[in-house]
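Peer 1: So here's entry18.cif, just mmCIF, C-alpha atoms and all ligand atoms; chains and numbers go by the auth columns:
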```
data_coords
#
loop_
_atom_site.group_PDB
_atom_site.id
_atom_site.type_symbol
_atom_site.label_atom_id
_atom_site.label_comp_id
_atom_site.label_asym_id
_atom_site.label_seq_id
_atom_site.Cartn_x
_atom_site.Cartn_y
_atom_site.Cartn_z
_atom_site.B_iso_or_equiv
_atom_site.auth_seq_id
_atom_site.auth_asym_id
ATOM 1 C CA MET A 1 -21.973 27.275 11.697 0.00 1 A
ATOM 2 C CA THR A 2 -23.963 25.170 14.140 0.00 2 A
ATOM 3 C CA THR A 3 -23.939 21.377 14.027 0.00 3 A
ATOM 4 C CA GLU A 4 -27.643 21.519 13.060 0.00 4 A
ATOM 5 C CA GLN A 5 -26.699 23.617 10.032 0.00 5 A
ATOM 6 C CA VAL A 6 -23.946 21.153 9.116 0.00 6 A
ATOM 7 C CA ILE A 7 -26.445 18.285 9.332 0.00 7 A
ATOM 8 C CA ALA A 8 -28.913 20.213 7.157 0.00 8 A
ATOM 9 C CA MET A 9 -26.134 20.810 4.628 0.00 9 A
ATOM 10 C CA ALA A 10 -25.293 17.097 4.548 0.00 10 A
ATOM 11 C CA LEU A 11 -28.924 16.197 3.921 0.00 11 A
ATOM 12 C CA GLU A 12 -29.074 18.786 1.154 0.00 12 A
ATOM 13 C CA VAL A 13 -25.965 17.252 -0.445 0.00 13 A
ATOM 14 C CA GLY A 14 -28.023 14.061 -0.601 0.00 14 A
ATOM 15 C CA PHE A 15 -26.825 11.749 2.172 0.00 15 A
ATOM 16 C CA ASP A 16 -29.585 9.338 3.138 0.00 16 A
ATOM 17 C CA HIS A 17 -28.766 9.381 6.855 0.00 17 A
ATOM 18 C CA VAL A 18 -26.860 11.895 8.951 0.00 18 A
ATOM 19 C CA GLY A 19 -26.149 11.805 12.683 0.00 19 A
ATOM 20 C CA GLU A 20 -24.208 13.918 15.122 0.00 20 A
ATOM 21 C CA ILE A 21 -21.263 12.370 16.918 0.00 21 A
ATOM 22 C CA ASP A 22 -19.261 13.394 19.956 0.00 22 A
ATOM 23 C CA PRO A 23 -15.623 12.590 19.081 0.00 23 A
ATOM 24 C CA LYS A 24 -15.130 11.568 22.719 0.00 24 A
ATOM 25 C CA ASP A 25 -17.281 8.506 21.912 0.00 25 A
ATOM 26 C CA LEU A 26 -14.968 7.312 19.138 0.00 26 A
ATOM 27 C CA LYS A 27 -12.796 4.357 20.098 0.00 27 A
ATOM 28 C CA PHE A 28 -9.601 3.997 18.093 0.00 28 A
ATOM 29 C CA LEU A 29 -9.018 0.250 18.328 0.00 29 A
ATOM 30 C CA PRO A 30 -5.729 -1.476 17.464 0.00 30 A
ATOM 31 C CA GLU A 31 -7.656 -4.655 16.590 0.00 31 A
ATOM 32 C CA VAL A 32 -9.576 -2.829 13.848 0.00 32 A
ATOM 33 C CA ARG A 33 -6.388 -1.317 12.548 0.00 33 A
ATOM 34 C CA ASP A 34 -4.811 -4.799 12.542 0.00 34 A
ATOM 35 C CA MET A 35 -7.393 -5.822 9.953 0.00 35 A
ATOM 36 C CA CYS A 36 -5.677 -3.395 7.563 0.00 36 A
ATOM 37 C CA SER A 37 -2.386 -5.240 7.812 0.00 37 A
ATOM 38 C CA ALA A 38 -4.254 -8.523 7.347 0.00 38 A
ATOM 39 C CA ASN A 39 -4.983 -6.966 3.926 0.00 39 A
ATOM 40 C CA ARG A 40 -8.590 -8.119 3.737 0.00 40 A
ATOM 41 C CA CYS A 41 -9.486 -5.221 1.463 0.00 41 A
ATOM 42 C CA HIS A 42 -6.316 -5.567 -0.650 0.00 42 A
ATOM 43 C CA SER A 43 -5.372 -1.912 -0.073 0.00 43 A
ATOM 44 C CA TYR A 44 -2.639 -2.379 2.529 0.00 44 A
ATOM 45 C CA ASN A 45 0.625 -0.756 1.419 0.00 45 A
ATOM 46 C CA LYS A 46 -0.937 0.343 -1.863 0.00 46 A
ATOM 47 C CA SER A 47 -2.050 3.925 -1.151 0.00 47 A
ATOM 48 C CA TRP A 48 -0.940 7.053 0.693 0.00 48 A
ATOM 49 C CA ALA A 49 -4.336 6.936 2.401 0.00 49 A
ATOM 50 C CA CYS A 50 -3.880 3.462 3.893 0.00 50 A
ATOM 51 C CA PRO A 51 -1.513 1.854 6.395 0.00 51 A
ATOM 52 C CA PRO A 52 1.387 1.890 6.645 0.00 52 A
ATOM 53 C CA ALA A 53 1.723 5.155 4.646 0.00 53 A
ATOM 54 C CA CYS A 54 -1.055 7.023 6.497 0.00 54 A
ATOM 55 C CA GLY A 55 0.858 6.720 9.791 0.00 55 A
ATOM 56 C CA THR A 56 0.664 4.571 12.885 0.00 56 A
ATOM 57 C CA LEU A 57 -2.600 4.351 14.800 0.00 57 A
ATOM 58 C CA GLU A 58 -1.119 6.653 17.442 0.00 58 A
ATOM 59 C CA GLU A 59 -0.004 9.217 14.875 0.00 59 A
ATOM 60 C CA ILE A 60 -3.229 9.221 12.911 0.00 60 A
ATOM 61 C CA THR A 61 -5.541 9.390 15.920 0.00 61 A
ATOM 62 C CA GLU A 62 -3.651 12.146 17.732 0.00 62 A
ATOM 63 C CA ARG A 63 -5.194 14.737 15.445 0.00 63 A
ATOM 64 C CA ALA A 64 -8.665 13.177 15.615 0.00 64 A
ATOM 65 C CA ARG A 65 -8.641 13.513 19.396 0.00 65 A
ATOM 66 C CA GLN A 66 -8.450 17.308 19.122 0.00 66 A
ATOM 67 C CA TYR A 67 -11.916 17.718 17.600 0.00 67 A
ATOM 68 C CA HIS A 68 -15.010 18.590 19.564 0.00 68 A
ATOM 69 C CA ARG A 69 -17.898 17.665 17.280 0.00 69 A
ATOM 70 C CA GLY A 70 -18.651 15.709 14.161 0.00 70 A
ATOM 71 C CA ILE A 71 -21.122 14.022 11.893 0.00 71 A
ATOM 72 C CA VAL A 72 -21.581 10.512 10.521 0.00 72 A
ATOM 73 C CA ILE A 73 -22.928 10.443 6.959 0.00 73 A
ATOM 74 C CA GLN A 74 -24.354 7.531 5.017 0.00 74 A
ATOM 75 C CA SER A 75 -25.572 6.537 1.580 0.00 75 A
ATOM 76 C CA THR A 76 -27.846 3.505 1.361 0.00 76 A
ATOM 77 C CA GLY A 77 -28.571 1.587 -1.827 0.00 77 A
ATOM 78 C CA GLN A 78 -31.517 -0.743 -2.393 0.00 78 A
ATOM 79 C CA MET A 79 -30.226 -3.893 -4.092 0.00 79 A
ATOM 80 C CA GLU A 80 -32.349 -6.194 -6.220 0.00 80 A
ATOM 81 C CA ASP A 81 -30.762 -9.192 -4.451 0.00 81 A
ATOM 82 C CA ASP A 82 -27.667 -10.107 -2.411 0.00 82 A
ATOM 83 C CA PHE A 83 -25.552 -10.184 -5.549 0.00 83 A
ATOM 84 C CA ASP A 84 -26.453 -6.790 -6.960 0.00 84 A
ATOM 85 C CA VAL A 85 -22.841 -5.712 -7.420 0.00 85 A
ATOM 86 C CA GLU A 86 -23.898 -2.847 -9.676 0.00 86 A
ATOM 87 C CA CYS A 87 -25.941 -1.301 -6.879 0.00 87 A
ATOM 88 C CA MET A 88 -23.067 -1.763 -4.406 0.00 88 A
ATOM 89 C CA MET A 89 -20.648 -0.011 -6.746 0.00 89 A
ATOM 90 C CA GLU A 90 -23.103 2.771 -7.550 0.00 90 A
ATOM 91 C CA THR A 91 -23.809 3.383 -3.866 0.00 91 A
ATOM 92 C CA GLU A 92 -20.104 3.497 -3.042 0.00 92 A
ATOM 93 C CA LYS A 93 -19.543 5.950 -5.897 0.00 93 A
ATOM 94 C CA LEU A 94 -22.429 8.085 -4.679 0.00 94 A
ATOM 95 C CA GLN A 95 -21.072 8.095 -1.120 0.00 95 A
ATOM 96 C CA LYS A 96 -17.649 9.240 -2.334 0.00 96 A
ATOM 97 C CA LYS A 97 -19.157 11.928 -4.583 0.00 97 A
ATOM 98 C CA ARG A 98 -21.304 13.261 -1.722 0.00 98 A
ATOM 99 C CA PHE A 99 -18.355 13.031 0.688 0.00 99 A
ATOM 100 C CA PHE A 100 -16.150 15.263 -1.464 0.00 100 A
ATOM 101 C CA GLU A 101 -19.018 17.644 -2.126 0.00 101 A
ATOM 102 C CA ILE A 102 -19.617 18.237 1.567 0.00 102 A
ATOM 103 C CA ILE A 103 -15.897 18.277 2.412 0.00 103 A
ATOM 104 C CA LYS A 104 -15.364 21.066 -0.121 0.00 104 A
ATOM 105 C CA LEU A 105 -18.299 23.016 1.308 0.00 105 A
ATOM 106 C CA LEU A 106 -17.151 22.510 4.896 0.00 106 A
ATOM 107 C CA GLN A 107 -13.530 23.385 4.138 0.00 107 A
ATOM 108 C CA LYS A 108 -14.693 26.974 3.461 0.00 108 A
ATOM 109 C CA GLU A 109 -15.933 27.264 7.049 0.00 109 A
ATOM 110 C CA PHE A 110 -13.703 24.669 8.737 0.00 110 A
ATOM 111 C CA PRO A 111 -10.372 24.561 6.844 0.00 111 A
ATOM 112 C CA ASN A 112 -9.091 21.910 9.268 0.00 112 A
ATOM 113 C CA CYS A 113 -12.108 19.623 9.206 0.00 113 A
ATOM 114 C CA LEU A 114 -11.090 15.988 9.348 0.00 114 A
ATOM 115 C CA GLY A 115 -12.770 13.561 7.002 0.00 115 A
ATOM 116 C CA MET A 116 -12.675 9.809 7.420 0.00 116 A
ATOM 117 C CA SER A 117 -13.733 8.118 4.234 0.00 117 A
ATOM 118 C CA ALA A 118 -15.569 4.912 3.386 0.00 118 A
ATOM 119 C CA GLY A 119 -12.824 2.693 2.025 0.00 119 A
ATOM 120 C CA THR A 120 -9.528 3.584 0.488 0.00 120 A
ATOM 121 C CA CYS A 121 -8.819 6.732 -1.520 0.00 121 A
ATOM 122 C CA THR A 122 -9.830 6.301 -5.158 0.00 122 A
ATOM 123 C CA LEU A 123 -9.320 9.879 -6.323 0.00 123 A
ATOM 124 C CA CYS A 124 -6.645 8.936 -8.861 0.00 124 A
ATOM 125 C CA PRO A 125 -7.067 6.096 -11.341 0.00 125 A
ATOM 126 C CA LYS A 126 -3.707 4.834 -10.005 0.00 126 A
ATOM 127 C CA CYS A 127 -2.359 5.997 -6.672 0.00 127 A
ATOM 128 C CA ALA A 128 1.023 7.731 -6.808 0.00 128 A
ATOM 129 C CA TYR A 129 2.178 5.592 -3.849 0.00 129 A
ATOM 130 C CA PRO A 130 5.008 4.850 -3.267 0.00 130 A
ATOM 131 C CA ASP A 131 7.060 6.491 -6.028 0.00 131 A
ATOM 132 C CA GLU A 132 5.622 10.029 -5.966 0.00 132 A
ATOM 133 C CA PRO A 133 3.930 12.184 -3.333 0.00 133 A
ATOM 134 C CA CYS A 134 0.143 12.150 -3.014 0.00 134 A
ATOM 135 C CA ARG A 135 -1.360 14.266 -5.817 0.00 135 A
ATOM 136 C CA HIS A 136 -4.249 15.673 -3.740 0.00 136 A
ATOM 137 C CA PRO A 137 -3.166 15.793 -0.083 0.00 137 A
ATOM 138 C CA GLU A 138 -5.984 18.249 0.759 0.00 138 A
ATOM 139 C CA LEU A 139 -8.551 15.698 -0.411 0.00 139 A
ATOM 140 C CA MET A 140 -6.835 12.534 0.757 0.00 140 A
ATOM 141 C CA PHE A 141 -8.686 11.108 3.753 0.00 141 A
ATOM 142 C CA PRO A 142 -7.845 7.742 5.338 0.00 142 A
ATOM 143 C CA SER A 143 -10.796 5.485 6.010 0.00 143 A
ATOM 144 C CA MET A 144 -12.623 5.084 9.315 0.00 144 A
ATOM 145 C CA GLU A 145 -10.999 1.662 9.629 0.00 145 A
ATOM 146 C CA ALA A 146 -7.517 3.180 9.166 0.00 146 A
ATOM 147 C CA TYR A 147 -8.355 5.215 12.291 0.00 147 A
ATOM 148 C CA GLY A 148 -9.156 1.968 14.086 0.00 148 A
ATOM 149 C CA LEU A 149 -12.875 2.726 14.204 0.00 149 A
ATOM 150 C CA LEU A 150 -15.517 0.033 14.236 0.00 150 A
ATOM 151 C CA VAL A 151 -17.990 1.589 11.812 0.00 151 A
ATOM 152 C CA SER A 152 -20.971 -0.070 13.495 0.00 152 A
ATOM 153 C CA ASP A 153 -19.988 1.478 16.858 0.00 153 A
ATOM 154 C CA ALA A 154 -19.602 4.921 15.301 0.00 154 A
ATOM 155 C CA CYS A 155 -23.068 4.562 13.750 0.00 155 A
ATOM 156 C CA THR A 156 -24.565 3.635 17.108 0.00 156 A
ATOM 157 C CA SER A 157 -22.859 6.613 18.770 0.00 157 A
ATOM 158 C CA ALA A 158 -24.386 8.868 16.105 0.00 158 A
ATOM 159 C CA GLY A 159 -27.864 7.367 16.599 0.00 159 A
ATOM 160 C CA LEU A 160 -27.773 5.705 13.173 0.00 160 A
ATOM 161 C CA GLU A 161 -28.177 2.146 11.958 0.00 161 A
ATOM 162 C CA TYR A 162 -25.264 0.255 10.456 0.00 162 A
ATOM 163 C CA TYR A 163 -27.615 -1.976 8.469 0.00 163 A
ATOM 164 C CA TYR A 164 -30.930 -0.773 7.059 0.00 164 A
ATOM 165 C CA GLY A 165 -32.524 -4.122 6.295 0.00 165 A
ATOM 166 C CA LYS A 166 -32.690 -6.860 3.710 0.00 166 A
ATOM 167 C CA ASN A 167 -31.058 -6.091 0.372 0.00 167 A
ATOM 168 C CA THR A 168 -29.628 -2.785 1.460 0.00 168 A
ATOM 169 C CA MET A 169 -26.020 -1.712 1.253 0.00 169 A
ATOM 170 C CA THR A 170 -24.834 1.273 3.277 0.00 170 A
ATOM 171 C CA TYR A 171 -21.561 3.168 3.075 0.00 171 A
ATOM 172 C CA THR A 172 -20.541 5.289 6.045 0.00 172 A
ATOM 173 C CA SER A 173 -18.072 8.153 6.490 0.00 173 A
ATOM 174 C CA CYS A 174 -17.348 10.588 9.278 0.00 174 A
ATOM 175 C CA ILE A 175 -16.282 14.225 9.438 0.00 175 A
ATOM 176 C CA LEU A 176 -14.881 15.869 12.562 0.00 176 A
ATOM 177 C CA LEU A 177 -15.138 19.622 13.053 0.00 177 A
ATOM 178 C CA ASP A 178 -13.357 22.058 15.313 0.00 178 A
HETATM 179 S S1 LIG B . -5.193 11.391 -3.944 0.00 201 A
HETATM 180 FE FE1 LIG B . -4.334 10.032 -5.498 0.00 201 A
HETATM 181 S S2 LIG B . -2.148 9.863 -4.894 0.00 201 A
HETATM 182 FE FE2 LIG B . -3.266 10.651 -3.095 0.00 201 A
HETATM 183 S S3 LIG B . -3.807 8.808 -1.879 0.00 201 A
HETATM 184 FE FE3 LIG B . -5.548 9.291 -3.242 0.00 201 A
HETATM 185 S S4 LIG B . -5.230 7.987 -5.044 0.00 201 A
HETATM 186 FE FE4 LIG B . -3.249 8.133 -3.950 0.00 201 A
#
```
Go through the file and emit its structure as structure tokens.
Ligand code: SF4
Peer 2:
Amino acid sequence: MTTEQVIAMALEVGFDHVGEIDPKDLKFLPEVRDMCSANRCHSYNKSWACPPACGTLEEITERARQYHRGIVIQSTGQMEDDFDVECMMETEKLQKKRFFEIIKLLQKEFPNCLGMSAGTCTLCPKCAYPDEPCRHPELMFPSMEAYGLLVSDACTSAGLEYYYGKNTMTYTSCILLD
């Protein structure tokens, strides 16, 4: 499957914006990863998909470095105002739904494709961490930030915007392909 076909598939799944990325352009930054341990998103040490359980930056990025192409995929919501929490939540939900839809499609052609999600894993109502193993390891994808990626830089590398203007909220994920 060509990258053009993958992009067409992503648009068909419903993503609002899709761009091609060369994994060589991704910078895995310790300072981004450090934000996880600062626990700004309140997910640190609460999920198999987040640090420290997802592995050190070195461990987690070693695999990512083996890929040769990829896509950045986005869902953008139009909020009524800056406080339109409903729209933010709906857009995040939509991004996750689309992400798993395309991952499942791509896994047929690329069983080892590497997804990087927008935010922590929310597949289970309550994560099994730390008492039991992850319930869906094949669908558990650490976030772009867990990989030390600055999402805005990844968007730029893919020829996409990070911000689409006043009262918009955009969620971004990435999928690497071999
Ligand atoms: S799939 Fe479930 S158990 Fe695994 S990381 Fe996600 S929420 Fe936790």
Peer 1: All residues within 10 Å of ligand LIG 201 (chain A) are required, counting only C-alpha atoms and all ligand atoms; please report them as a ChimeraX atom specification.
Peer 2: /A:46-50,53-54,120-142
Peer 1: Distance CA of Thr3 (chain A)-CA of Val32 (chain A), one decimal place?
Peer 2: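 CA of Val32 (chain A) lies at a distance of 28.1 Å from CA of Thr3 (chain A).
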Peer 1: Taking the file above as input, evaluate the PyMOL selection byres (((chain A and resi 11) around 12) and not hetatm) and report the hits as a ChimeraX atom specification.
Peer 2: /A:4-10,12-19,71-75,98-99,101-102
Peer 1: Using all atoms listed in the file, find the one residue out of A:Cys155, A:Ala146, A:Ile103, A:Met1 that sits nearest to Asn39 (chain A).
Peer 2: A:Ala146
Peer 1: Given the choices A:Glu58, A:Glu145, A:Glu161, A:Asp22, which gets closest to Asp178 (chain A) if the distance is worked out from all atoms listed in the file?
Peer 2: A:Asp22
Peer 1: Do you have the CA of Pro30 (chain A)-CA of Tyr147 (chain A) distance handy?
Peer 2: 8.9 Å
Peer 1: Have a look at A:Leu105, A:Met79, A:Leu149, A:Met89 and name the one nearest to Leu57 (chain A); count all atoms listed in the file.
Peer 2: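 Going through A:Leu105, A:Met79, A:Leu149, A:Met89 one by one, the smallest distance to Leu57 (chain A) is for A:Leu149.
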Peer 1: Ranking A:Leu150, A:Ala64, A:Leu26, A:Cys87 by minimum distance to Leu114 (chain A) and counting only C-alpha atoms, which one comes first?
Peer 2: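 Ranking A:Leu150, A:Ala64, A:Leu26, A:Cys87 by distance to Leu114 (chain A), first place goes to A:Ala64.
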Peer 1: Distance CA of Ser152 (chain A)-CA of Met35 (chain A), one decimal place?
Peer 2: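 Interatomic distance here is 15.2 Å.
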Peer 1: Anything within 9 Å of (-26.4, -9.7, 1.0): list those residues as a list in words, counting only C-alpha atoms and sticking to the file's coordinates.
Peer 2: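 Final list of nearby residues, as requested, is Met79, Asp81, Asp82, Phe83, Asp84, Lys166, Asn167, Thr168 and Met169 of chain A.
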